[in-house]
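Colleague: The file below is query-v3.cif, mmCIF, C-alpha atoms and all ligand atoms:
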```
data_run
#
loop_
_atom_site.label_atom_id
_atom_site.label_comp_id
_atom_site.auth_asym_id
_atom_site.auth_seq_id
_atom_site.Cartn_x
_atom_site.Cartn_y
_atom_site.Cartn_z
CA MET D 198 -1.52 -33.69 -12.55
CA ARG D 199 -0.48 -33.16 -8.97
CA ASP D 200 -3.26 -30.91 -7.78
CA GLN D 201 -2.64 -31.91 -4.20
CA LEU D 202 0.99 -30.82 -3.74
CA THR D 203 1.37 -28.99 -0.43
CA TYR D 204 4.15 -27.10 1.30
CA PRO D 205 4.11 -25.92 4.92
CA ASP D 206 2.73 -22.41 5.50
CA ILE D 207 6.09 -21.03 6.51
CA VAL D 208 5.02 -17.43 7.06
CA GLN D 209 2.67 -18.56 9.83
CA MET D 210 5.35 -20.87 11.21
CA ALA D 211 7.80 -17.97 11.33
CA VAL D 212 5.61 -15.89 13.69
CA PRO D 213 7.47 -17.03 16.87
CA LEU D 214 10.75 -16.21 15.12
CA PHE D 215 9.47 -12.72 14.25
CA VAL D 216 8.46 -12.06 17.86
CA ALA D 217 11.78 -13.35 19.23
CA ALA D 218 13.83 -11.30 16.76
CA ILE D 219 11.88 -8.11 17.55
CA LEU D 220 12.47 -8.64 21.28
CA ALA D 221 16.16 -9.21 20.58
CA GLU D 222 16.38 -5.98 18.52
CA VAL D 223 14.58 -3.98 21.24
CA ALA D 224 16.99 -5.40 23.83
CA TRP D 225 20.00 -4.64 21.62
CA ILE D 226 18.94 -1.01 21.15
CA ALA D 227 18.14 -0.62 24.88
CA VAL D 228 21.53 -1.99 25.92
CA LYS D 229 23.70 -0.37 23.24
CA GLY D 230 21.80 2.89 23.00
CA ARG D 231 22.09 2.82 19.18
CA GLY D 232 21.15 0.69 16.20
CA GLY D 233 17.60 1.91 15.69
CA ARG D 234 14.50 3.46 17.20
CA TYR D 235 11.21 2.11 18.51
CA GLU D 236 8.03 3.92 19.47
CA THR D 237 5.09 2.16 21.08
CA ARG D 238 2.19 3.19 18.88
CA ASP D 239 4.20 2.99 15.68
CA ALA D 240 5.26 -0.57 16.52
CA MET D 241 1.72 -1.52 17.52
CA THR D 242 0.34 -0.26 14.19
CA SER D 243 3.02 -2.16 12.27
CA LEU D 244 2.27 -5.37 14.17
CA VAL D 245 -1.49 -5.00 13.71
CA MET D 246 -0.92 -4.40 9.99
CA GLY D 247 1.06 -7.66 9.91
CA ALA D 248 -1.69 -9.57 11.69
CA GLY D 249 -4.22 -8.05 9.29
CA ASN D 250 -2.10 -9.12 6.34
CA VAL D 251 -2.15 -12.74 7.52
CA THR D 252 -5.91 -12.46 8.12
CA SER D 253 -6.48 -11.03 4.66
CA GLY D 254 -4.38 -13.89 3.25
CA ILE D 255 -6.62 -16.42 4.98
CA LEU D 256 -9.80 -14.64 3.82
CA LEU D 257 -8.77 -13.58 0.30
CA GLY D 258 -6.04 -16.10 -0.53
CA PHE D 259 -8.54 -18.20 -2.46
CA ILE D 260 -8.73 -15.51 -5.19
CA ALA D 261 -5.10 -15.85 -6.22
CA TYR D 262 -5.01 -19.57 -5.55
CA GLY D 263 -8.10 -20.19 -7.68
CA PHE D 264 -6.52 -18.19 -10.50
CA PHE D 265 -3.24 -20.13 -10.21
CA MET D 266 -4.97 -23.53 -10.14
CA ALA D 267 -6.96 -22.58 -13.25
CA LEU D 268 -3.68 -21.82 -15.02
CA TRP D 269 -2.18 -25.05 -13.72
CA ARG D 270 -5.03 -27.03 -15.27
CA ILE D 271 -4.52 -25.54 -18.71
CA THR D 272 -0.72 -25.72 -18.89
CA PRO D 273 0.74 -28.87 -20.45
CA LEU D 274 4.07 -28.27 -18.67
CA ASP D 275 5.07 -29.80 -15.33
CA LEU D 276 8.62 -29.30 -14.08
CA GLY D 277 8.18 -31.68 -11.14
CA THR D 278 9.24 -31.12 -7.56
CA GLY D 279 13.03 -31.59 -7.55
CA TRP D 280 14.96 -29.33 -5.19
CA TRP D 281 16.70 -27.62 -8.11
CA ILE D 282 13.27 -26.82 -9.54
CA VAL D 283 12.32 -25.24 -6.19
CA ALA D 284 15.62 -23.30 -6.27
CA LEU D 285 14.98 -22.10 -9.82
CA CYS D 286 11.42 -21.23 -8.86
CA PHE D 287 12.74 -19.17 -5.92
CA VAL D 288 15.08 -17.15 -8.16
CA LEU D 289 12.44 -16.56 -10.85
CA ASP D 290 9.81 -15.70 -8.25
CA ASP D 291 12.26 -13.14 -6.85
CA LEU D 292 12.44 -11.61 -10.34
CA ARG D 293 8.65 -11.62 -10.28
CA TYR D 294 8.80 -9.85 -6.89
CA TYR D 295 11.11 -7.18 -8.28
CA TRP D 296 8.62 -6.23 -11.01
CA VAL D 297 5.54 -6.39 -8.81
CA HIS D 298 7.35 -4.17 -6.32
CA ARG D 299 8.44 -1.77 -9.07
CA PHE D 300 4.85 -1.52 -10.32
CA GLY D 301 3.94 -1.04 -6.65
CA HIS D 302 5.85 2.25 -6.70
CA ARG D 303 5.18 3.39 -10.27
CA VAL D 304 1.48 2.59 -10.73
CA ARG D 305 -0.81 4.33 -8.27
CA TRP D 306 -3.36 1.50 -8.27
CA VAL D 307 -0.68 -0.89 -6.99
CA TRP D 308 0.89 1.77 -4.73
CA ALA D 309 -2.49 2.08 -2.98
CA SER D 310 -1.87 -1.42 -1.64
CA HIS D 311 1.88 -1.13 -1.06
CA VAL D 312 2.02 2.39 0.42
CA ASN D 313 1.28 1.19 3.95
CA HIS D 314 4.59 -0.70 4.03
CA HIS D 315 6.31 2.69 3.71
CA SER D 316 4.04 4.63 6.04
CA SER D 317 6.19 4.38 9.18
CA GLN D 318 8.84 6.99 9.96
CA HIS D 319 10.68 4.24 11.82
CA TYR D 320 12.79 1.46 10.38
CA ASN D 321 12.97 -1.59 12.59
CA LEU D 322 11.92 -5.22 12.47
CA THR D 323 8.27 -4.33 13.12
CA THR D 324 8.32 -2.22 9.93
CA ALA D 325 8.89 -5.46 8.00
CA LEU D 326 5.51 -6.71 9.21
CA ARG D 327 3.66 -3.54 8.16
CA GLN D 328 2.15 -5.29 5.14
CA THR D 329 -0.82 -4.70 2.89
CA TRP D 330 -4.38 -5.86 3.50
CA THR D 331 -5.50 -5.23 -0.06
CA GLY D 332 -2.99 -7.18 -2.19
CA PRO D 333 -5.47 -9.15 -4.32
CA PHE D 334 -7.17 -5.93 -5.50
CA THR D 335 -4.03 -4.87 -7.35
CA PHE D 336 -4.39 -7.89 -9.70
CA MET D 337 -0.61 -8.28 -9.48
CA MET D 338 -1.09 -12.07 -9.29
CA VAL D 339 -1.05 -12.01 -13.09
CA VAL D 340 2.72 -11.40 -12.93
CA ARG D 341 3.03 -14.92 -11.49
CA ALA D 342 1.09 -16.46 -14.40
CA PRO D 343 4.20 -17.15 -16.55
CA LEU D 344 5.80 -19.16 -13.72
CA ILE D 345 2.78 -21.43 -13.45
CA LEU D 346 2.35 -21.76 -17.19
CA LEU D 347 6.04 -22.78 -17.37
CA GLY D 348 5.25 -25.73 -15.11
CA PHE D 349 6.04 -24.58 -11.56
CA HIS D 350 3.27 -25.85 -9.30
CA PRO D 351 1.19 -23.06 -7.65
CA ALA D 352 1.93 -24.43 -4.18
CA MET D 353 5.66 -24.28 -4.93
CA VAL D 354 5.38 -20.72 -6.24
CA LEU D 355 3.51 -19.61 -3.12
CA PHE D 356 6.04 -21.44 -0.92
CA CYS D 357 8.87 -19.51 -2.62
CA GLY D 358 6.91 -16.27 -2.17
CA GLY D 359 6.67 -17.04 1.56
CA LEU D 360 10.41 -17.71 1.77
CA ASN D 361 11.01 -14.40 0.00
CA LEU D 362 8.88 -12.53 2.55
CA ILE D 363 10.69 -14.21 5.47
CA TYR D 364 14.07 -13.30 3.99
CA GLN D 365 13.01 -9.67 3.82
CA PHE D 366 12.14 -9.60 7.51
CA TRP D 367 15.68 -9.40 8.87
CA ILE D 368 16.81 -6.61 6.53
CA HIS D 369 14.43 -4.11 8.18
CA THR D 370 16.95 -3.02 10.79
CA GLU D 371 19.39 -0.24 11.56
CA ALA D 372 21.28 -2.52 13.96
CA ILE D 373 23.30 -3.94 11.07
CA GLY D 374 25.47 -1.49 9.12
CA LYS D 375 26.98 -3.18 6.11
CA THR D 376 27.53 -6.89 5.52
CA PRO D 377 30.63 -8.33 3.75
CA ARG D 378 31.23 -6.86 0.31
CA TRP D 379 30.41 -10.02 -1.66
CA PHE D 380 27.09 -10.29 0.19
CA GLU D 381 26.18 -6.64 -0.47
CA ALA D 382 27.00 -7.23 -4.15
CA VAL D 383 24.52 -10.06 -4.66
CA MET D 384 21.94 -9.97 -1.88
CA ASN D 385 19.40 -7.46 -0.66
CA THR D 386 20.72 -6.22 2.70
CA PRO D 387 19.70 -3.87 5.51
CA SER D 388 21.75 -1.13 3.85
CA HIS D 389 20.13 -1.54 0.41
CA HIS D 390 16.64 -1.77 1.85
CA ARG D 391 17.09 1.26 4.12
CA VAL D 392 17.56 3.20 0.89
CA HIS D 393 14.29 1.75 -0.40
CA HIS D 394 12.44 3.12 2.64
CA GLY D 395 13.94 6.60 2.27
CA ARG D 396 11.92 9.73 1.45
CA ASN D 397 15.07 11.66 0.46
CA ALA D 398 14.81 12.71 -3.21
CA ARG D 399 17.89 10.62 -3.98
CA TYR D 400 16.49 7.47 -2.45
CA LEU D 401 12.97 7.55 -3.92
CA ASP D 402 12.06 4.67 -6.25
CA ALA D 403 15.27 2.71 -5.71
CA ASN D 404 16.19 -0.84 -4.68
CA TYR D 405 13.00 -2.77 -5.40
CA ALA D 406 14.74 -6.11 -4.79
CA GLY D 407 13.30 -8.82 -2.59
CA VAL D 408 16.19 -11.23 -2.05
CA PHE D 409 18.73 -10.58 -4.83
CA ILE D 410 19.88 -6.97 -5.36
CA ILE D 411 21.16 -7.98 -8.81
CA TRP D 412 17.77 -7.17 -10.37
CA ASP D 413 18.15 -3.50 -9.45
CA LYS D 414 21.65 -3.43 -10.89
CA LEU D 415 20.39 -5.17 -14.03
CA PHE D 416 17.41 -2.87 -14.56
CA GLY D 417 19.05 0.39 -13.47
CA THR D 418 17.23 1.09 -10.20
CA PHE D 419 20.09 0.48 -7.77
CA VAL D 420 21.13 3.32 -5.44
CA PRO D 421 23.74 2.68 -2.73
CA GLU D 422 23.29 3.98 0.81
CA LEU D 423 25.60 6.99 1.02
CA GLU D 424 27.45 7.71 4.23
CA GLU D 425 26.99 11.45 3.71
CA GLU D 426 23.22 11.23 3.31
CA ARG D 427 21.30 9.64 6.15
CA VAL D 428 18.08 7.92 5.17
CA ASP D 429 14.95 9.82 6.23
CA TYR D 430 12.29 7.11 6.56
CA GLY D 431 8.65 7.37 5.63
CA LEU D 432 6.42 8.86 2.97
CA VAL D 433 6.89 12.08 1.02
CA HIS D 434 3.76 13.21 2.90
CA ASN D 435 3.80 11.49 6.27
CA LEU D 436 0.60 10.24 7.84
CA GLY D 437 -0.93 11.95 10.85
CA THR D 438 -2.60 8.82 12.22
CA PHE D 439 -1.80 5.39 13.65
CA ASN D 440 -5.29 4.03 12.95
CA PRO D 441 -4.68 0.74 11.06
CA LEU D 442 -7.85 1.15 9.00
CA ARG D 443 -6.69 4.57 7.77
CA VAL D 444 -3.18 3.22 7.18
CA ALA D 445 -4.56 0.30 5.16
CA PHE D 446 -7.05 2.18 3.01
CA HIS D 447 -5.97 5.83 2.74
CA GLU D 448 -4.61 5.72 -0.78
CA TRP D 449 -7.63 3.78 -2.06
CA VAL D 450 -9.79 6.53 -0.57
CA ALA D 451 -7.60 9.16 -2.22
CA ILE D 452 -7.93 7.45 -5.61
CA PHE D 453 -11.70 7.25 -5.18
CA ARG D 454 -11.88 10.96 -4.37
CA ASP D 455 -9.75 11.85 -7.38
CA ILE D 456 -11.63 9.78 -9.94
CA THR D 457 -15.04 10.97 -8.72
CA ARG D 458 -14.18 14.67 -9.01
CA PRO D 459 -16.56 16.54 -11.25
CA GLY D 460 -15.34 17.94 -14.53
CA LEU D 461 -12.57 15.46 -15.33
CA THR D 462 -12.19 13.66 -18.63
CA TRP D 463 -12.28 9.86 -18.55
CA ARG D 464 -8.68 9.92 -19.63
CA ASP D 465 -7.79 11.92 -16.48
CA ARG D 466 -9.77 9.55 -14.28
CA LEU D 467 -7.88 6.57 -15.70
CA ALA D 468 -4.59 8.42 -15.30
CA TYR D 469 -5.33 8.97 -11.59
CA CYS D 470 -5.41 5.15 -11.28
CA VAL D 471 -2.50 4.05 -13.42
CA LYS D 472 0.00 6.94 -13.56
CA PRO D 473 2.77 7.16 -10.94
CA PRO D 474 1.83 8.39 -7.44
CA GLY D 475 1.89 12.18 -7.34
CA TRP D 476 0.50 12.65 -10.85
CA SER D 477 -2.35 15.14 -11.08
CA HIS D 478 -4.41 16.47 -13.98
CA ASP D 479 -3.60 20.10 -13.06
CA GLY D 480 0.03 19.64 -12.03
CA THR D 481 -0.61 20.64 -8.41
CA ARG D 482 1.20 17.58 -7.04
CA GLU D 483 4.64 16.16 -7.59
CA THR D 484 5.73 12.76 -8.88
CA THR D 485 9.03 11.30 -7.71
CA ASP D 486 10.64 12.30 -11.02
CA GLN D 487 9.58 15.90 -10.42
CA ILE D 488 10.81 15.78 -6.82
CA LYS D 489 14.20 14.56 -7.99
CA ARG D 490 14.41 17.28 -10.69
CA ARG D 491 13.45 19.98 -8.21
CA HIS D 492 16.05 18.70 -5.77
CA VAL D 493 18.74 18.89 -8.45
CA ALA D 494 17.61 22.37 -9.49
CA GLN D 495 17.97 23.52 -5.87
CA ASN D 496 21.18 21.55 -5.24
CA PRO D 497 23.05 21.62 -8.59
CA ASP D 498 26.11 19.93 -7.08
CA THR D 499 24.08 16.74 -6.58
CA ALA D 500 23.16 16.39 -10.27
CA GLY D 501 24.16 13.05 -11.73
CA THR D 502 25.04 11.53 -8.34
CA PRO D 503 23.38 8.21 -7.38
CA GLY D 504 19.60 8.35 -7.61
CA LEU D 505 19.47 11.85 -9.08
CA PRO D 506 19.14 12.98 -12.72
CA ALA D 507 22.01 14.48 -14.69
CA PRO D 508 22.14 18.29 -15.01
CA GLY D 509 19.52 19.66 -17.38
CA SER D 510 18.12 16.23 -18.20
CA ALA D 511 14.47 16.01 -19.21
CA GLU D 512 13.95 12.80 -17.24
CA MET J 39 -0.63 -24.51 12.36
CA PRO J 40 -4.12 -24.63 13.92
CA LEU J 41 -5.82 -21.28 13.62
CA HIS J 42 -6.45 -20.83 17.35
CA VAL J 43 -2.75 -21.37 18.10
CA LEU J 44 -1.83 -18.76 15.49
CA ILE J 45 -4.32 -16.28 16.95
CA ILE J 46 -3.02 -16.77 20.50
CA LEU J 47 0.57 -16.46 19.31
CA VAL J 48 -0.08 -13.26 17.37
CA ALA J 49 -2.16 -11.65 20.12
CA ALA J 50 0.36 -12.53 22.85
CA GLY J 51 3.25 -11.40 20.66
CA ILE J 52 1.70 -8.01 19.92
CA ALA J 53 0.61 -7.43 23.53
CA GLY J 54 4.03 -8.45 24.85
CA ILE J 55 6.03 -6.26 22.50
CA VAL J 56 3.76 -3.23 22.92
CA GLY J 57 3.75 -3.62 26.71
CA LEU J 58 7.52 -3.91 26.81
CA LEU J 59 8.03 -0.80 24.65
CA HIS J 60 5.70 1.20 26.87
CA LEU J 61 7.52 0.05 30.02
CA LEU J 62 10.81 1.03 28.40
CA GLY J 63 9.47 4.58 28.18
CA LEU J 64 9.16 4.60 24.39
CA SER J 65 5.68 6.13 24.27
CA GLU J 66 6.84 9.73 24.71
CA PRO J 67 5.64 12.05 21.95
CA ALA J 68 8.09 14.15 19.96
CA ARG J 69 8.99 17.60 21.30
CA LEU J 70 9.89 20.63 19.23
CA ALA J 71 13.02 21.91 20.94
CA ASP J 72 12.64 25.46 19.59
CA GLU J 73 11.35 27.51 16.66
CA ASP J 74 14.07 26.17 14.39
CA ALA J 75 13.03 22.60 15.16
CA ALA J 76 9.45 23.55 14.27
CA ARG J 77 10.63 25.15 11.02
CA ALA J 78 12.62 22.01 10.18
CA ALA J 79 9.63 19.78 10.94
CA TRP J 80 7.48 21.92 8.63
CA ALA J 81 10.15 21.89 5.92
CA ALA J 82 10.30 18.09 6.13
CA GLU J 83 6.74 17.99 4.77
CA PHE J 84 6.62 21.16 2.65
CA PRO J 85 10.20 21.92 1.58
CA ASP J 86 9.19 24.47 -1.06
CA ASP J 87 7.01 26.63 1.22
CA PRO J 88 9.14 27.62 4.21
CA ALA J 89 7.65 28.77 7.50
CA LEU J 90 7.82 32.58 7.75
CA ALA J 91 6.56 32.84 11.31
CA VAL J 92 6.28 30.18 14.01
CA ILE J 93 4.48 29.92 17.34
CA VAL J 94 5.51 26.92 19.45
CA SER J 95 3.09 25.79 22.12
CA HIS J 96 4.22 26.16 25.75
CA ASP J 97 4.83 22.42 26.17
CA ARG J 98 6.74 22.26 22.84
CA GLY J 99 4.26 19.68 21.56
CA ALA J 100 3.02 21.57 18.51
CA ALA J 101 3.61 24.66 16.41
CA LEU J 102 1.57 27.01 14.30
CA VAL J 103 3.33 28.21 11.18
CA GLU J 104 2.61 30.98 8.75
CA THR J 105 3.75 30.50 5.16
CA GLN J 106 3.29 32.22 1.86
CA ARG J 107 0.50 29.76 1.01
CA GLY J 108 -1.30 30.02 4.34
CA ARG J 109 -1.23 28.74 7.88
CA GLY J 110 -0.23 25.26 8.93
CA ILE J 111 0.23 23.08 11.96
CA VAL J 112 3.13 20.85 13.03
CA TRP J 113 2.38 18.18 15.61
CA PRO J 114 3.87 14.95 16.96
CA VAL J 115 2.98 11.57 15.48
CA GLY J 116 4.55 9.31 18.05
CA ALA J 117 8.25 10.05 18.29
CA ASP J 118 8.15 11.91 14.96
CA THR J 119 6.18 14.80 13.57
CA THR J 120 4.06 15.62 10.58
CA ALA J 121 2.47 18.82 9.28
CA ARG J 122 -0.59 19.99 7.36
CA TYR J 123 -2.03 23.20 6.00
CA LEU J 124 -5.07 24.40 7.91
CA ILE J 125 -7.27 24.94 4.88
CA GLY J 126 -10.75 23.79 5.82
CA ALA J 127 -9.74 23.16 9.44
CA ARG J 128 -12.24 23.43 12.29
CA ALA J 129 -10.99 23.92 15.82
CA ARG J 130 -12.76 23.61 19.13
CA ARG J 131 -11.72 23.73 22.75
CA THR J 132 -11.37 20.58 24.78
CA ARG J 133 -10.55 20.15 28.44
CA SER J 134 -6.83 19.75 27.72
CA GLY J 135 -6.48 22.19 24.86
CA VAL J 136 -7.84 22.30 21.33
CA ARG J 137 -8.99 19.66 18.89
CA ILE J 138 -8.55 20.34 15.18
CA ASP J 139 -10.59 18.49 12.56
CA LEU J 140 -8.94 18.46 9.17
CA PRO J 141 -10.52 17.48 5.86
CA ASP J 142 -7.77 14.88 5.41
CA PHE J 143 -8.27 11.12 5.61
CA THR J 144 -4.64 10.60 6.69
CA ALA J 145 -4.78 13.22 9.46
CA PRO J 146 -8.42 13.61 10.52
CA HIS J 147 -7.93 14.93 14.06
CA VAL J 148 -5.13 16.69 15.87
CA HIS J 149 -5.28 17.01 19.65
CA LEU J 150 -3.21 19.89 20.96
CA ARG J 151 -2.35 20.20 24.63
CA LEU J 152 -2.51 23.90 25.34
CA ASP J 153 -2.64 26.04 28.45
CA ALA J 154 -5.67 28.24 29.08
CA ARG J 155 -4.18 31.34 27.47
CA GLU J 156 -3.18 29.45 24.31
CA ALA J 157 -6.50 27.61 24.19
CA ASP J 158 -8.27 30.97 24.12
CA ARG J 159 -6.07 32.34 21.38
CA TRP J 160 -5.27 29.46 19.05
CA PRO J 161 -8.71 28.50 17.67
CA ALA J 162 -9.05 31.86 15.91
CA LEU J 163 -5.58 31.44 14.42
CA LEU J 164 -6.30 27.86 13.39
CA GLU J 165 -9.45 28.69 11.50
CA ASP J 166 -8.22 31.91 9.99
CA THR J 167 -7.43 30.48 6.61
CA ALA J 168 -10.76 28.79 5.95
ZN ZN Q 1 8.38 -0.56 -1.52
ZN ZN Q 2 10.55 -2.88 3.41
#
```
Reformat the file's structure so that it appears as structure tokens.
Ligand SMILES: [Zn+2]
Ligand SMILES: [Zn+2]
Modeller:
Amino acid sequence: MRDQLTYPDIVQMAVPLFVAAILAEVAWIAVKGRGGRYETRDAMTSLVMGAGNVTSGILLGFIAYGFFMALWRITPLDLGTGWWIVALCFVLDDLRYYWVHRFGHRVRWVWASHVNHHSSQHYNLTTALRQTWTGPFTFMMVVRAPLILLGFHPAMVLFCGGLNLIYQFWIHTEAIGKTPRWFEAVMNTPSHHRVHHGRNARYLDANYAGVFIIWDKLFGTFVPELEEERVDYGLVHNLGTFNPLRVAFHEWVAIFRDITRPGLTWRDRLAYCVKPPGWSHDGTRETTDQIKRRHVAQNPDTAGTPGLPAPGSAE
Amino acid sequence: MPLHVLIILVAAGIAGIVGLLHLLGLSEPARLADEDAARAAWAAEFPDDPALAVIVSHDRGAALVETQRGRGIVWPVGADTTARYLIGARARRTRSGVRIDLPDFTAPHVHLRLDAREADRWPALLEDTA
């Protein structure tokens, strides 16, 4: 058993690259007068969220790592450390990312952690760094369990996860329109991920991919960026604060307030945790499915177009 | 990477980027060009409850709206805007205008820059729906 396998902590090593790329994007926008928007406090909050994410990884990383090492001790399988095993691990971990990200939008408990990544009304390279502080509390590390039980070493799995995160950095930009067709077909790109950050009815709950967009095409969640519909970035209900603590914890607070309301059944309390964001016991809020249906009811000509339900459909 | 190097790198990176953005003049808050802009900003948050009446502050930094469901406020969040209903709001005068406290964890305080005439008039309007 190779308990001691180590890979470099590439996310930390990439910090200088992140800073340099952000400066380059700012310069590009300043010179060209297009290709994106920056605002001081928004960028500062995104950067502080990123620093907090690294800090939370240092402080809480042992939870996931302990879990993974426990699995590693019980599995009889060991695929070794060949480069093709790392490559296979990277692809399978990206599939893992797709599902964790999809749960992150469809299960409120997981959304509470992920929501902050979507809380900016801007879309630039700093938005990429607006990452969660509360990841371990979602328990989404269990989705990685199959990889480890199959014989991929935990250090390799975490290394691939780091590579995945670094890949996703450069796609958070409006400076790049569309990449060559073959690349758009296979890879997650700025265009595909802009859609993911959209609050337009059409663009909600689409393009969960990390690196390979093929997962969305495979599982039916792909929506292309349409020239005639500009992406409106942010949340359905945009925040009125830049305070990083409020950004990091607001949805956890909202869940707490919902489940501690008097007069609810235990079934309702559970539903407030695990149903999609926007669910409410009295129907006073809207889920993304309801938002899409309302949009189609008000704009019948959009029914059945990408990201929107067919006319009169129940879903 | 040693932890102290990482900390220095992150702190210097954040300070440098934030300082540069401020020097580039990118700290200006959003302005509501006119009543229609205020209506659009309200509709961006509450598309199914349109603003029936709108009062834009003299410096175009905020707007009071009246809707079927009650009164609301539109204000800048950096270069963008957001909006909230004023249910449960408490307003009080400050030196530069009015401060609104909302019972909302994601928008706890709104600072409005108002002139003296507005600052006399708005608090009553802001708390009307409570
Ligand atoms: Zn997301
Ligand atoms: Zn993103």
Colleague: Quick one: pull the distance between CA of His394 in chain D and CA of Ala342 in chain D, Å, one decimal.
Modeller: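 Taking CA of His394 in chain D as the start and CA of Ala342 in chain D as the end point, the length is 28.3 Å.
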Colleague: Dump as a PyMOL selection string the residues of chain D that approach chain J to within 9 Å, counting only C-alpha atoms.
Modeller: chain D and resi 205-206+209-210+212-213+216-217+219-220+223+227+235-241+244-245+248+318-319+433-439+443-444+447-448+450-451
Colleague: List as a list in words the protein and nucleic acid residues lying within 8 Å of ligand ZN 2 (chain Q), with all atoms listed in the file counted.
Modeller: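 For ligand ZN 2 (chain Q), the residues inside 8 Å are His314, His315, Thr324, Ala325, Gln365, Ile368, His369, His390, Arg391, His393 and His394 of chain D.
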Colleague: Using only C-alpha atoms and all ligand atoms, what are the residues with an atom within 10 Å of ligand ZN 1 (chain Q), set out as a VMD selection string?
Modeller: chain D and resid 295 297 to 302 308 311 to 315 390 393 to 395 401 to 407
Colleague: Enter the distance from CA of Phe287 in chain D to CA of Ser316 in chain D, in Å, rounded to one decimal.
Modeller: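 So the answer is 28.0 Å.
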Colleague: Excluding same-chain residues fewer than 3 positions from Val288 in chain D, what lies within 9 Å of it counting only C-alpha atoms, as a short mmCIF file (atom, residue, chain, number, x, y, z; two decimals) with C-alpha atoms, in the frame of the given file?
Modeller:
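Written out: selection-v6.cif:
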```
data_model
loop_
_atom_site.label_atom_id
_atom_site.label_comp_id
_atom_site.auth_asym_id
_atom_site.auth_seq_id
_atom_site.Cartn_x
_atom_site.Cartn_y
_atom_site.Cartn_z
CA VAL D 283 12.32 -25.24 -6.19
CA ALA D 284 15.62 -23.30 -6.27
CA LEU D 285 14.98 -22.10 -9.82
CA ASP D 291 12.26 -13.14 -6.85
CA LEU D 292 12.44 -11.61 -10.34
CA ARG D 293 8.65 -11.62 -10.28
CA CYS D 357 8.87 -19.51 -2.62
CA VAL D 408 16.19 -11.23 -2.05
CA PHE D 409 18.73 -10.58 -4.83
#
```
Colleague: Contacts of Ala129 in chain J at 10 Å or less, counting all atoms listed in the file, minus same-chain residues fewer than 6 places along, as JSON, numbers by chain?
Modeller: {"J": [136, 137, 138, 139, 140, 147, 148, 149, 160, 161, 162, 163, 164, 165]}
Colleague: Measure the distance from CA of Asp275 in chain D to CA of Arg341 in chain D in Å and round it to one decimal.
Modeller: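 Between these atoms lies a distance of 15.5 Å.
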Colleague: Determine the nearest neighbour of Tyr123 in chain J from the options J:Leu90, J:Leu150, J:Trp80, J:Asp74, counting only C-alpha atoms.
Modeller: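 Ranked by minimum distance to Tyr123 in chain J, first place goes to J:Trp80.
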Colleague: Do you know which residues are at most 9 Å from Asp153 in chain J counting all atoms listed in the file, after dropping those on the same chain fewer than 2 positions away, and could you put them as a PyMOL selection string?
Modeller: chain J and resi 95-97+134-135+151+155-158
Colleague: Residues within 9 Å of Gly108 in chain J, please, as number ranges by chain. Count all atoms listed in the file; anything in the same chain fewer than 5 positions from it doesn't count.
Modeller: J: 103, 123-125, 167
Colleague: Could the residues in this selection be written to a file with C-alpha atoms, as a short mmCIF file (atom, residue, chain, number, x, y, z; two decimals), in the frame of the given file?
Modeller:
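Done, and the output landed in selection.cif:
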```
data_model
loop_
_atom_site.label_atom_id
_atom_site.label_comp_id
_atom_site.auth_asym_id
_atom_site.auth_seq_id
_atom_site.Cartn_x
_atom_site.Cartn_y
_atom_site.Cartn_z
CA VAL J 103 3.33 28.21 11.18
CA TYR J 123 -2.03 23.20 6.00
CA LEU J 124 -5.07 24.40 7.91
CA ILE J 125 -7.27 24.94 4.88
CA THR J 167 -7.43 30.48 6.61
#
```
Colleague: Considering all atoms listed in the file, state which residue in the set J:Leu152, J:Ala79, J:Ala91, J:Ala71 is at the smallest distance from Arg109 in chain J.
Modeller: J:Ala91
Colleague: Write out as a ChimeraX atom specification which residues come within 8 Å of Asp87 in chain J when counting only C-alpha atoms, dropping same-chain ones fewer than 3 positions away.
Modeller: /J:81,84,105-107
Colleague: Have a look at D:Leu276, D:Leu423, D:Thr335, D:Tyr364 and name the one nearest to Ser388 in chain D; count all atoms listed in the file.
Modeller: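 Answer, going by the shortest atom-to-atom distance: D:Leu423.
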Colleague: Just range 142-147 of chain J, please, as an mmCIF file, in the first residue's frame (only N, CA and C atoms).
Modeller:
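The resulting part38.cif:
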```cif
data_model
loop_
_atom_site.group_PDB
_atom_site.id
_atom_site.type_symbol
_atom_site.label_atom_id
_atom_site.label_comp_id
_atom_site.auth_asym_id
_atom_site.auth_seq_id
_atom_site.Cartn_x
_atom_site.Cartn_y
_atom_site.Cartn_z
ATOM 1 N N ASP J 142 -33.052 41.247 6.261
ATOM 2 C CA ASP J 142 -32.606 40.390 5.167
ATOM 3 C C ASP J 142 -31.099 40.179 5.308
ATOM 4 N N PHE J 143 -30.691 38.934 5.530
ATOM 5 C CA PHE J 143 -29.279 38.637 5.758
ATOM 6 C C PHE J 143 -28.414 39.005 4.558
ATOM 7 N N THR J 144 -28.991 38.989 3.347
ATOM 8 C CA THR J 144 -28.203 39.270 2.146
ATOM 9 C C THR J 144 -28.220 40.749 1.769
ATOM 10 N N ALA J 145 -28.987 41.544 2.505
ATOM 11 C CA ALA J 145 -29.029 42.994 2.238
ATOM 12 C C ALA J 145 -29.409 43.697 3.535
ATOM 13 N N PRO J 146 -28.517 43.652 4.531
ATOM 14 C CA PRO J 146 -28.901 44.136 5.867
ATOM 15 C C PRO J 146 -29.039 45.649 5.975
ATOM 16 N N HIS J 147 -28.176 46.380 5.262
ATOM 17 C CA HIS J 147 -28.205 47.840 5.364
ATOM 18 C C HIS J 147 -28.094 48.451 3.982
#
```
